[in-house]
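K.L.:
Below: one structure in structure tokens.
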Amino acid sequence: MRAIHHKLLRDLWHMRGQALAIVLIIGAGVTLFVGQLSTLQSLTLVRDTYYSEYRFAEVFAACKRAPAGVADRLRAIPGADTVDTRVTLQVMLEVPGLDEPATGQLISIPDGHAPALNNLFLRTGRLPNAESTGEVVLVEMFATANDYHLGDNLTAIINGRRQQLRVVGIALSPEYVYALSAGAMVPDDKRFGVMWMNERELAAAYNMEGAFNSVSMTLGPGASEPEVIARVDDILKPYGGLGAYARKDQVSNWFLANEFRQLQTFGVLIPMIFLGIAGFLLNVVLARLISTQRDQIAALKAFGYSNLQVAIHYGQFIGLVVLVGAIIGTLCGWWMGEAMIGLYTDYYHFPILKFFMPGWVPLAAAAFTAVAGAIGTMNAVRRAAALPPAEAMRPEAPPTYRMTLMERLGLQRWLSQPTRMILRQLERRPLKAGASVLGLSMAVAILVMGLAFLDIMFYVIDLQSNVMHREDVKVGFIEPRSRDALHEVEGLPGVIYAEPYRTVPAKVRYGHRDRRVGIQGVPSDTLLNRVLDTKLQPFPLPADGILLSRVLGEALQIRPGDKLIVEVLEGPRPTRTVKVAALVDDFMGVAAYMEIGALNHLMREGDVISGANVLTDKRHDDELFAALRARPIVAGVSSKASTIANLRKMIEDNLMISVGFNVLFAAIIAFGIIYNNARISLSERARELASLRVLGLTRAEISFILLGEQAILTMLAVPFGFLLGRWMTGAMLLELNSEVMRFPLVVNEATYAIAAVAVIVSATISGLLVRERLDKLDLVEVLKTRE
């Protein structure tokens, strides 16, 4: 080992505390980068493999009832590859121990055979026998949540009749990786289950012999997806077609794709913040190291080391710190990825979901880290290489004395001598002080941003459940019914108040852009399902226009007053033109709203409703649910309390862990910056502080001079961090907001308080560590001069 390498190791050991702080910050950034992007790659690989091996369809369509012979016309479409028709039916389920009705989706499969598309992964058991009756394969999530096993019986209400079904298999399907009932935003594995039954039996129970109401298909090489979808729509239109759609719009895949996009956003943007701060700290540390080793640099050059060799030497210092941080971050990222995969298995259901780290992820993390370190320290290394030996042998010139602003204003008499020394030091080096404040404010901002997401989520939940949607129970009918059905609901036990709603599936189009939505018709004087403006005031429903979610309006690039083409996807499928009255800010999904009478008029139908929103007396819920189960017209019942409980659980399972990581990493940043600043100040001012000790100042007084500077920087950073954190939260929301969810910018006072306390505590701990070194200061050694 050459002498210069011995010097490198000695420098690292001497500055081990500062190096460790930077290593931890680099490790935090690399942990997030490796953990989140590796999780994304693991999920993507598993999804693509699952979709391929179990032949997930590429085009889907539904209709009311089409003869079996129509399937041949679908197979003849240019570009269509495999076409699989089936019967699907939404039913109500009676689950022991569950008071409210559960909803089931029955799907037919060929008698005794696996389907050609959307094949089942049998976790255990078998498919129904071709000649058997009452046998079903049950989706694994529902079976696990309700403790169903092979051989257990399940009661379903099919076409108004109770039927006992026997579980012969438990399976997963690529159609239900993220299993949602109709209209839901959060999975409810206890109250929504999917079952597969022999086509012969299900068709007979639903009066669908020789017919189908659902079709899925794959496409051949070079096929045009839009053209195939248009041809499917044309063929199914006479049979009550509900509109074909591509895989990207399939509910489970759509939610999965949005989750992937959020993972990618978090996996890149947040680590860049950490690595930027690490680059800043490396620059500060290296610049200080070079300034204290001017004589050593001169000696190295005097002994024949070239400028390039000196630059490489200090570059190696940075390289070792970056390398150790990258290694630690990669190992912690592996652990984080394993933990995240464990969380995803609760909501996204694949046959096998294991953590996998592609080789390029840690290499990319190391490359990003190296680039951040190089950019941050380039100037300091260049200065070391360019320093002339003769100049390096002389100590740096002392700073020019000048009165501080406080002294020029005549306020010095109100300040103690140590306080004036602190202010003088800050004013002499404004750039260094400003950079320290910026770094500390980033720690505060990261904490604010992490905690703000909890504020936002719980605000949205409260708004959705208590302000916008006031109903306790939502009842959906199998088919649209006359207004008499509402009176029947009003007469059920425990119903205090009921409001009708009408939902019409449609494709809305403006220019060449279109979207599939459900147009929601609600009464103009609605009390339970309210449309609100940005000030949370009820938005008046126009008598002859339509309201669109703002995100939908932006996707269509339509403005209020423009004419929207509405292609209805049920019944005779009329096409109408409606004026857009306004764009409204909602938070979940994409929606279109009309006054229920206006929607009935648009459909050229009578006083028709799709269901009812109900306010209930909870003391009679058991009786109400029993009565609803007995009504053949009822397709599904959802309880708002259950929906909110599931949403809260998902937030607590996922966001709480993210917040925990944010608190930990922000504390690391605060500790690293404060500790490095204090150690550098101690190195720079050791002679000055030792002289003050000799002149009679106590340890507490010189500690006040050194750490008081850091305290002022921390106090200045906190309010700036609040502003920066709010801005960063807003910027992150712009990246995260999607058609699945939109988030308002909400930051509670408690969030600011927690962020400030966490950073101040971290700063206090780092200050105490520096105080310990200050107490051990060797006055004789420090007071020696090298001249």
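Note on naming: chains are A, B, ... as they come in the structure tokens, residues start from 1 per chain, ligands start from 1 in the order shown.
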Do you know which residues are at most 9 Å from Glu131 of chain A counting only C-alpha atoms, after dropping those on the same chain fewer than 4 positions away, and could you put them as a ChimeraX atom specification?
P.N.:
/A:111-112,198
K.L.:
Could you turn the residues from that selection into a file that holds N, CA and C atoms, as a PDB file, in the first residue's frame?
P.N.:
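Written out: result_10.pdb:
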```pdb
ATOM      1  N   ASP A 111     -67.785 -26.817 -19.312  1.00  0.00           N
ATOM      2  CA  ASP A 111     -68.107 -27.928 -18.413  1.00  0.00           C
ATOM      3  C   ASP A 111     -66.916 -28.865 -18.265  1.00  0.00           C
ATOM      4  N   GLY A 112     -66.383 -28.912 -17.052  1.00  0.00           N
ATOM      5  CA  GLY A 112     -65.295 -29.828 -16.753  1.00  0.00           C
ATOM      6  C   GLY A 112     -63.946 -29.439 -17.305  1.00  0.00           C
ATOM      7  N   ASN A 198     -69.734 -24.471 -13.774  1.00  0.00           N
ATOM      8  CA  ASN A 198     -69.956 -25.034 -15.110  1.00  0.00           C
ATOM      9  C   ASN A 198     -70.965 -24.208 -15.883  1.00  0.00           C
TER      10      ASN A 198
END
```
K.L.:
If we count only C-alpha atoms, what is near Thr419 of chain A at a cut-off of 9 Å, once residues fewer than 5 positions away on the same chain are taken out, given as a PDB file with N, CA, C and O atoms, in the first residue's frame?
P.N.:
```
ATOM      1  N   ARG A 424     -21.567  37.258  14.349  1.00  0.00           N
ATOM      2  CA  ARG A 424     -20.471  37.662  13.469  1.00  0.00           C
ATOM      3  C   ARG A 424     -20.051  36.501  12.569  1.00  0.00           C
ATOM      4  O   ARG A 424     -19.802  36.672  11.378  1.00  0.00           O
ATOM      5  N   PHE A 704     -21.776  27.169  24.118  1.00  0.00           N
ATOM      6  CA  PHE A 704     -22.828  28.068  23.643  1.00  0.00           C
ATOM      7  C   PHE A 704     -22.413  28.756  22.350  1.00  0.00           C
ATOM      8  O   PHE A 704     -23.200  28.919  21.422  1.00  0.00           O
ATOM      9  N   ILE A 705     -21.139  29.170  22.279  1.00  0.00           N
ATOM     10  CA  ILE A 705     -20.652  29.839  21.064  1.00  0.00           C
ATOM     11  C   ILE A 705     -20.723  28.907  19.869  1.00  0.00           C
ATOM     12  O   ILE A 705     -21.168  29.291  18.780  1.00  0.00           O
ATOM     13  N   GLY A 708     -24.590  27.325  19.685  1.00  0.00           N
ATOM     14  CA  GLY A 708     -25.605  28.363  19.484  1.00  0.00           C
ATOM     15  C   GLY A 708     -25.773  28.693  18.016  1.00  0.00           C
ATOM     16  O   GLY A 708     -26.878  28.972  17.541  1.00  0.00           O
ATOM     17  N   GLU A 709     -24.644  28.667  17.279  1.00  0.00           N
ATOM     18  CA  GLU A 709     -24.714  28.889  15.835  1.00  0.00           C
ATOM     19  C   GLU A 709     -25.594  27.837  15.164  1.00  0.00           C
ATOM     20  O   GLU A 709     -26.441  28.153  14.315  1.00  0.00           O
TER      21      GLU A 709
END
```
K.L.:
How would you write, as a ChimeraX atom specification, the set of residues in segment 25-135 of chain A that DSSP gives as alpha helix (DSSP H)?
P.N.:
/A:25-53,70-75
K.L.:
Could you write those residues out with N, CA and C atoms, as an mmCIF file, in the first residue's frame?
P.N.:
```
data_model
loop_
_atom_site.group_PDB
_atom_site.id
_atom_site.type_symbol
_atom_site.label_atom_id
_atom_site.label_comp_id
_atom_site.auth_asym_id
_atom_site.auth_seq_id
_atom_site.Cartn_x
_atom_site.Cartn_y
_atom_site.Cartn_z
ATOM 1 N N ILE A 25 -26.939 9.105 5.107
ATOM 2 C CA ILE A 25 -27.831 9.835 4.195
ATOM 3 C C ILE A 25 -27.826 9.185 2.810
ATOM 4 N N ILE A 26 -26.616 8.846 2.328
ATOM 5 C CA ILE A 26 -26.545 8.139 1.037
ATOM 6 C C ILE A 26 -27.297 6.824 1.126
ATOM 7 N N GLY A 27 -27.097 6.107 2.227
ATOM 8 C CA GLY A 27 -27.784 4.826 2.406
ATOM 9 C C GLY A 27 -29.291 4.976 2.404
ATOM 10 N N ALA A 28 -29.794 6.069 3.000
ATOM 11 C CA ALA A 28 -31.243 6.287 3.017
ATOM 12 C C ALA A 28 -31.780 6.473 1.600
ATOM 13 N N GLY A 29 -31.078 7.300 0.808
ATOM 14 C CA GLY A 29 -31.521 7.512 -0.568
ATOM 15 C C GLY A 29 -31.461 6.249 -1.398
ATOM 16 N N VAL A 30 -30.353 5.505 -1.259
ATOM 17 C CA VAL A 30 -30.198 4.268 -2.031
ATOM 18 C C VAL A 30 -31.223 3.227 -1.569
ATOM 19 N N THR A 31 -31.515 3.202 -0.268
ATOM 20 C CA THR A 31 -32.532 2.266 0.246
ATOM 21 C C THR A 31 -33.868 2.487 -0.442
ATOM 22 N N LEU A 32 -34.302 3.750 -0.502
ATOM 23 C CA LEU A 32 -35.576 4.050 -1.159
ATOM 24 C C LEU A 32 -35.532 3.708 -2.643
ATOM 25 N N PHE A 33 -34.444 4.069 -3.289
ATOM 26 C CA PHE A 33 -34.308 3.809 -4.720
ATOM 27 C C PHE A 33 -34.349 2.308 -5.009
ATOM 28 N N VAL A 34 -33.504 1.554 -4.313
ATOM 29 C CA VAL A 34 -33.415 0.109 -4.551
ATOM 30 C C VAL A 34 -34.692 -0.597 -4.110
ATOM 31 N N GLY A 35 -35.187 -0.243 -2.914
ATOM 32 C CA GLY A 35 -36.369 -0.931 -2.394
ATOM 33 C C GLY A 35 -37.589 -0.747 -3.263
ATOM 34 N N GLN A 36 -37.867 0.509 -3.651
ATOM 35 C CA GLN A 36 -39.104 0.769 -4.394
ATOM 36 C C GLN A 36 -38.995 0.340 -5.851
ATOM 37 N N LEU A 37 -37.864 0.619 -6.499
ATOM 38 C CA LEU A 37 -37.761 0.208 -7.901
ATOM 39 C C LEU A 37 -37.643 -1.308 -8.040
ATOM 40 N N SER A 38 -36.984 -1.978 -7.090
ATOM 41 C CA SER A 38 -36.919 -3.443 -7.151
ATOM 42 C C SER A 38 -38.297 -4.049 -6.907
ATOM 43 N N THR A 39 -39.059 -3.438 -5.994
ATOM 44 C CA THR A 39 -40.441 -3.899 -5.784
ATOM 45 C C THR A 39 -41.251 -3.726 -7.056
ATOM 46 N N LEU A 40 -41.084 -2.581 -7.720
ATOM 47 C CA LEU A 40 -41.787 -2.350 -8.979
ATOM 48 C C LEU A 40 -41.393 -3.389 -10.021
ATOM 49 N N GLN A 41 -40.100 -3.680 -10.131
ATOM 50 C CA GLN A 41 -39.648 -4.673 -11.106
ATOM 51 C C GLN A 41 -40.175 -6.066 -10.751
ATOM 52 N N SER A 42 -40.212 -6.384 -9.455
ATOM 53 C CA SER A 42 -40.740 -7.690 -9.027
ATOM 54 C C SER A 42 -42.205 -7.824 -9.417
ATOM 55 N N LEU A 43 -42.988 -6.771 -9.124
ATOM 56 C CA LEU A 43 -44.412 -6.809 -9.457
ATOM 57 C C LEU A 43 -44.633 -6.876 -10.963
ATOM 58 N N THR A 44 -43.848 -6.106 -11.708
ATOM 59 C CA THR A 44 -44.002 -6.099 -13.168
ATOM 60 C C THR A 44 -43.679 -7.463 -13.762
ATOM 61 N N LEU A 45 -42.594 -8.069 -13.299
ATOM 62 C CA LEU A 45 -42.214 -9.387 -13.811
ATOM 63 C C LEU A 45 -43.275 -10.428 -13.498
ATOM 64 N N VAL A 46 -43.762 -10.425 -12.258
ATOM 65 C CA VAL A 46 -44.785 -11.402 -11.863
ATOM 66 C C VAL A 46 -46.068 -11.166 -12.646
ATOM 67 N N ARG A 47 -46.461 -9.892 -12.784
ATOM 68 C CA ARG A 47 -47.691 -9.589 -13.540
ATOM 69 C C ARG A 47 -47.591 -10.060 -14.980
ATOM 70 N N ASP A 48 -46.498 -9.708 -15.649
ATOM 71 C CA ASP A 48 -46.357 -10.075 -17.065
ATOM 72 C C ASP A 48 -46.316 -11.589 -17.252
ATOM 73 N N THR A 49 -45.621 -12.277 -16.353
ATOM 74 C CA THR A 49 -45.558 -13.742 -16.432
ATOM 75 C C THR A 49 -46.929 -14.359 -16.201
ATOM 76 N N TYR A 50 -47.635 -13.851 -15.196
ATOM 77 C CA TYR A 50 -48.968 -14.352 -14.862
ATOM 78 C C TYR A 50 -49.933 -14.122 -16.017
ATOM 79 N N TYR A 51 -49.931 -12.916 -16.556
ATOM 80 C CA TYR A 51 -50.816 -12.609 -17.674
ATOM 81 C C TYR A 51 -50.536 -13.510 -18.873
ATOM 82 N N SER A 52 -49.258 -13.776 -19.118
ATOM 83 C CA SER A 52 -48.897 -14.580 -20.281
ATOM 84 C C SER A 52 -49.262 -16.051 -20.078
ATOM 85 N N GLU A 53 -48.852 -16.618 -18.945
ATOM 86 C CA GLU A 53 -49.059 -18.051 -18.729
ATOM 87 C C GLU A 53 -50.526 -18.410 -18.548
ATOM 88 N N VAL A 70 -73.394 -15.936 -32.321
ATOM 89 C CA VAL A 70 -72.724 -14.648 -32.531
ATOM 90 C C VAL A 70 -71.223 -14.792 -32.303
ATOM 91 N N ALA A 71 -70.826 -15.781 -31.514
ATOM 92 C CA ALA A 71 -69.397 -15.974 -31.249
ATOM 93 C C ALA A 71 -68.620 -16.211 -32.534
ATOM 94 N N ASP A 72 -69.230 -16.887 -33.519
ATOM 95 C CA ASP A 72 -68.537 -17.126 -34.784
ATOM 96 C C ASP A 72 -68.265 -15.813 -35.526
ATOM 97 N N ARG A 73 -69.200 -14.883 -35.449
ATOM 98 C CA ARG A 73 -68.974 -13.581 -36.075
ATOM 99 C C ARG A 73 -67.842 -12.827 -35.372
ATOM 100 N N LEU A 74 -67.753 -12.980 -34.055
ATOM 101 C CA LEU A 74 -66.664 -12.334 -33.314
ATOM 102 C C LEU A 74 -65.314 -12.945 -33.693
ATOM 103 N N ARG A 75 -65.291 -14.256 -33.884
ATOM 104 C CA ARG A 75 -64.023 -14.913 -34.250
ATOM 105 C C ARG A 75 -63.578 -14.515 -35.652
#
```
K.L.:
Just to confirm, what's the straight-line distance from atom CA of Ala366 of chain A to atom CA of Leu9 of chain A in Å (one decimal)?
P.N.:
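So the two atoms, atom CA of Ala366 of chain A and atom CA of Leu9 of chain A, lie 21.5 Å apart.
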K.L.:
Which residue out of A:Arg429, A:Arg773, A:Arg629, A:Arg261 has the minimum interatomic distance to Leu93 of chain A when only C-alpha atoms are used?
P.N.:
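Closest to Leu93 of chain A of all the choices is A:Arg629.
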K.L.:
Residues near segment 247-256 of chain A, anyone? I mean within 6 Å using only C-alpha atoms, not counting same-chain ones fewer than 2 positions away, as a list in words.
P.N.:
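Final neighbour list, sorted by chain and number: Glu58, Val59, Tyr176, Tyr178, Asn258 and Glu259 of chain A.
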K.L.:
May I have the residues within 12 Å of Gly491 of chain A as a list in words, using only C-alpha atoms and disregarding those fewer than 4 positions away in the same chain?
P.N.:
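What passes the distance filter is Asp484, Ala485, Leu486, His487, Val495, Ile496, Tyr497, Ala498, Val614, Thr616, Leu624, Ala627 and Leu628 of chain A.
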K.L.:
Output C-alpha atoms for every residue in the selection just made, as a short mmCIF file (atom, residue, chain, number, x, y, z; two decimals), in the first residue's frame.
P.N.:
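Now in again-v9.cif:
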```cif
data_model
loop_
_atom_site.label_atom_id
_atom_site.label_comp_id
_atom_site.auth_asym_id
_atom_site.auth_seq_id
_atom_site.Cartn_x
_atom_site.Cartn_y
_atom_site.Cartn_z
CA ASP A 484 -92.23 2.05 -7.13
CA ALA A 485 -89.10 0.11 -6.13
CA LEU A 486 -88.01 3.13 -4.05
CA HIS A 487 -91.24 3.00 -2.07
CA VAL A 495 -85.00 2.78 6.79
CA ILE A 496 -85.21 6.41 7.89
CA TYR A 497 -84.83 8.04 4.50
CA ALA A 498 -84.14 6.80 0.96
CA VAL A 614 -80.46 4.78 2.31
CA THR A 616 -80.76 3.77 8.38
CA LEU A 624 -82.83 -4.59 7.02
CA ALA A 627 -85.09 -8.16 4.12
CA LEU A 628 -82.77 -7.04 1.32
#
```
K.L.:
Find, counting only C-alpha atoms, the residue in A:Phe192, A:Val361, A:Leu713, A:Gly611 that gets nearest to Arg481 of chain A.
P.N.:
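Checking each candidate against Arg481 of chain A, we get A:Gly611 as the closest.
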K.L.:
Show which residues sit within 7 Å of segment 643-647 of chain A, as a PyMOL selection string. Count only C-alpha atoms, and ignore same-chain residues fewer than 3 positions away.
P.N.:
chain A and resi 186+188+639-640+650-651
K.L.:
Record the distance separating atom CA of Ala57 of chain A and atom CA of Val177 of chain A, expressed in Å with one decimal.
P.N.:
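Interatomic distance, atom CA of Ala57 of chain A to atom CA of Val177 of chain A: 13.5 Å.
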K.L.:
Need to verify the contact set: His5 of chain A, 10 Å, only C-alpha atoms, exclusion of same-chain residues closer than 6 positions in sequence. Can you return it as JSON, numbers by chain?
P.N.:
{"A": [11, 313, 316, 317]}
K.L.:
Hey, can you check how far atom CA of Ile327 of chain A sits from atom CA of Gly767 of chain A?
P.N.:
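Going from atom CA of Ile327 of chain A over to atom CA of Gly767 of chain A covers 27.9 Å.
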K.L.:
Using only C-alpha atoms for the distances, tell me which of A:Leu20, A:Val663, A:Leu564, A:Val475 is nearest to Pro101 of chain A.
P.N.:
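Ranked by minimum distance to Pro101 of chain A, first place goes to A:Val475.
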K.L.:
What's around Leu451 of chain A at 9 Å? Count only C-alpha atoms, leave out sequence neighbours fewer than 2 positions away in its own chain, and write the answer as a VMD selection string.
P.N.:
chain A and resid 446 to 449 453 to 456 659 662 to 663 747 751 to 752 754 to 755
K.L.:
Using N, CA and C atoms, can you export the residues from the last selection as a compact mmCIF listing (two decimals), in the first residue's frame?
P.N.:
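The resulting file, again-v7.txt, is reproduced below:
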```txt
# COMPACT_ATOMS: atom_id res chain seq x y z
N ILE A 446 -39.12 16.96 4.19
CA ILE A 446 -39.40 15.54 3.95
C ILE A 446 -40.37 15.02 5.01
N LEU A 447 -40.17 15.45 6.25
CA LEU A 447 -41.09 15.04 7.31
C LEU A 447 -42.49 15.59 7.06
N VAL A 448 -42.57 16.87 6.71
CA VAL A 448 -43.87 17.48 6.44
C VAL A 448 -44.57 16.74 5.31
N MET A 449 -43.83 16.42 4.25
CA MET A 449 -44.42 15.76 3.10
C MET A 449 -44.94 14.38 3.48
N PHE A 453 -49.29 13.31 3.82
CA PHE A 453 -50.08 12.32 3.09
C PHE A 453 -51.11 11.65 4.01
N LEU A 454 -50.76 11.48 5.29
CA LEU A 454 -51.76 10.98 6.24
C LEU A 454 -52.88 12.00 6.41
N ASP A 455 -52.52 13.27 6.57
CA ASP A 455 -53.54 14.32 6.69
C ASP A 455 -54.47 14.29 5.49
N ILE A 456 -53.88 14.20 4.31
CA ILE A 456 -54.67 14.24 3.07
C ILE A 456 -55.61 13.05 2.99
N VAL A 659 -44.60 6.57 6.37
CA VAL A 659 -44.36 7.69 7.28
C VAL A 659 -43.22 7.36 8.23
N ASN A 662 -40.08 7.88 6.46
CA ASN A 662 -39.82 9.31 6.30
C ASN A 662 -39.26 9.93 7.57
N VAL A 663 -39.86 9.59 8.71
CA VAL A 663 -39.39 10.13 9.98
C VAL A 663 -37.94 9.71 10.23
N VAL A 747 -52.44 20.18 4.98
CA VAL A 747 -51.38 19.94 5.96
C VAL A 747 -51.88 20.48 7.30
N THR A 751 -48.93 18.24 11.98
CA THR A 751 -47.85 17.78 11.10
C THR A 751 -46.65 18.70 11.20
N TYR A 752 -46.90 20.00 11.16
CA TYR A 752 -45.79 20.95 11.30
C TYR A 752 -45.10 20.78 12.65
N ILE A 754 -44.94 18.09 14.63
CA ILE A 754 -44.17 16.84 14.71
C ILE A 754 -42.88 16.96 13.92
N ALA A 755 -42.95 17.57 12.73
CA ALA A 755 -41.75 17.74 11.91
C ALA A 755 -40.72 18.60 12.63
```
K.L.:
Can you write out as a tab-separated table which residues of segment 593-642 of chain A fall within 12 Å of segment 153-168 of chain A, alongside each residue's closest atom pair and its distance in Å to one decimal, counting only C-alpha atoms and ordering rows by chain and ascending residue number?
P.N.:
```
residue	atom	partner	partner_atom	distance
A:Leu628	CA	A:Ile157	CA	11.3
A:Arg629	CA	A:Ile157	CA	7.9
A:Ala630	CA	A:Gly160	CA	8.0
A:Arg631	CA	A:Gly160	CA	7.3
A:Pro632	CA	A:Gly160	CA	4.2
A:Ile633	CA	A:Gly160	CA	7.5
A:Val634	CA	A:Gly160	CA	8.9
A:Ala635	CA	A:Ile157	CA	9.3
A:Gly636	CA	A:Ile157	CA	10.8
```
K.L.:
Please dump the current selection as a JSON list (two decimals), in the first residue's frame; keep all heavy atoms.
P.N.:
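Okay, result-v9.json is ready:
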```
[["chain", "number", "residue", "atom", "x", "y", "z"],
["A", 628, "LEU", "N", -83.38, -7.29, 2.63],
["A", 628, "LEU", "CA", -82.77, -7.04, 1.32],
["A", 628, "LEU", "C", -82.33, -8.34, 0.66],
["A", 628, "LEU", "O", -82.44, -8.51, -0.55],
["A", 628, "LEU", "CB", -81.58, -6.09, 1.47],
["A", 628, "LEU", "CG", -81.94, -4.63, 1.79],
["A", 628, "LEU", "CD1", -80.69, -3.82, 2.12],
["A", 628, "LEU", "CD2", -82.69, -3.99, 0.62],
["A", 629, "ARG", "N", -81.80, -9.28, 1.47],
["A", 629, "ARG", "CA", -81.41, -10.58, 0.90],
["A", 629, "ARG", "C", -82.60, -11.31, 0.30],
["A", 629, "ARG", "O", -82.45, -12.08, -0.65],
["A", 629, "ARG", "CB", -80.75, -11.43, 1.98],
["A", 629, "ARG", "CG", -79.25, -11.21, 2.13],
["A", 629, "ARG", "CD", -78.63, -12.31, 2.96],
["A", 629, "ARG", "NE", -79.07, -12.25, 4.34],
["A", 629, "ARG", "CZ", -78.38, -11.66, 5.33],
["A", 629, "ARG", "NH1", -77.21, -11.11, 5.08],
["A", 629, "ARG", "NH2", -78.85, -11.65, 6.56],
["A", 630, "ALA", "N", -83.77, -11.08, 0.86],
["A", 630, "ALA", "CA", -84.96, -11.80, 0.40],
["A", 630, "ALA", "C", -85.57, -11.18, -0.85],
["A", 630, "ALA", "O", -86.51, -11.73, -1.41],
["A", 630, "ALA", "CB", -86.01, -11.83, 1.51],
["A", 631, "ARG", "N", -85.07, -10.00, -1.29],
["A", 631, "ARG", "CA", -85.63, -9.33, -2.47],
["A", 631, "ARG", "C", -84.89, -9.78, -3.71],
["A", 631, "ARG", "O", -83.70, -9.48, -3.88],
["A", 631, "ARG", "CB", -85.50, -7.81, -2.34],
["A", 631, "ARG", "CG", -86.37, -7.04, -1.37],
["A", 631, "ARG", "CD", -87.64, -7.64, -1.00],
["A", 631, "ARG", "NE", -88.55, -6.81, -0.26],
["A", 631, "ARG", "CZ", -88.87, -7.01, 1.00],
["A", 631, "ARG", "NH1", -88.29, -7.97, 1.69],
["A", 631, "ARG", "NH2", -89.81, -6.27, 1.58],
["A", 632, "PRO", "N", -85.55, -10.45, -4.65],
["A", 632, "PRO", "CA", -84.88, -10.91, -5.88],
["A", 632, "PRO", "C", -84.36, -9.77, -6.74],
["A", 632, "PRO", "O", -83.43, -9.94, -7.51],
["A", 632, "PRO", "CB", -85.98, -11.69, -6.62],
["A", 632, "PRO", "CG", -86.97, -12.05, -5.56],
["A", 632, "PRO", "CD", -86.93, -10.94, -4.56],
["A", 633, "ILE", "N", -84.97, -8.56, -6.62],
["A", 633, "ILE", "CA", -84.55, -7.46, -7.47],
["A", 633, "ILE", "C", -83.23, -6.85, -7.02],
["A", 633, "ILE", "O", -82.61, -6.07, -7.75],
["A", 633, "ILE", "CB", -85.63, -6.35, -7.52],
["A", 633, "ILE", "CG1", -85.78, -5.69, -6.15],
["A", 633, "ILE", "CG2", -86.94, -6.90, -8.03],
["A", 633, "ILE", "CD1", -86.64, -4.42, -6.19],
["A", 634, "VAL", "N", -82.80, -7.17, -5.80],
["A", 634, "VAL", "CA", -81.59, -6.55, -5.25],
["A", 634, "VAL", "C", -80.37, -7.32, -5.73],
["A", 634, "VAL", "O", -80.23, -8.52, -5.49],
["A", 634, "VAL", "CB", -81.64, -6.51, -3.71],
["A", 634, "VAL", "CG1", -80.32, -5.96, -3.16],
["A", 634, "VAL", "CG2", -82.81, -5.65, -3.24],
["A", 635, "ALA", "N", -79.45, -6.62, -6.40],
["A", 635, "ALA", "CA", -78.23, -7.25, -6.90],
["A", 635, "ALA", "C", -77.09, -7.14, -5.91],
["A", 635, "ALA", "O", -76.23, -8.02, -5.84],
["A", 635, "ALA", "CB", -77.82, -6.61, -8.22],
["A", 636, "GLY", "N", -77.08, -6.07, -5.15],
["A", 636, "GLY", "CA", -75.97, -5.88, -4.21],
["A", 636, "GLY", "C", -76.28, -4.83, -3.17],
["A", 636, "GLY", "O", -77.09, -3.93, -3.39]]
```
K.L.:
Using DSSP on the backbone coordinates, identify all residues within segment 398-551 of chain A classified as strand (DSSP E); present the result as a ChimeraX atom specification.
P.N.:
/A:473-482,495-510,513-522,545-549
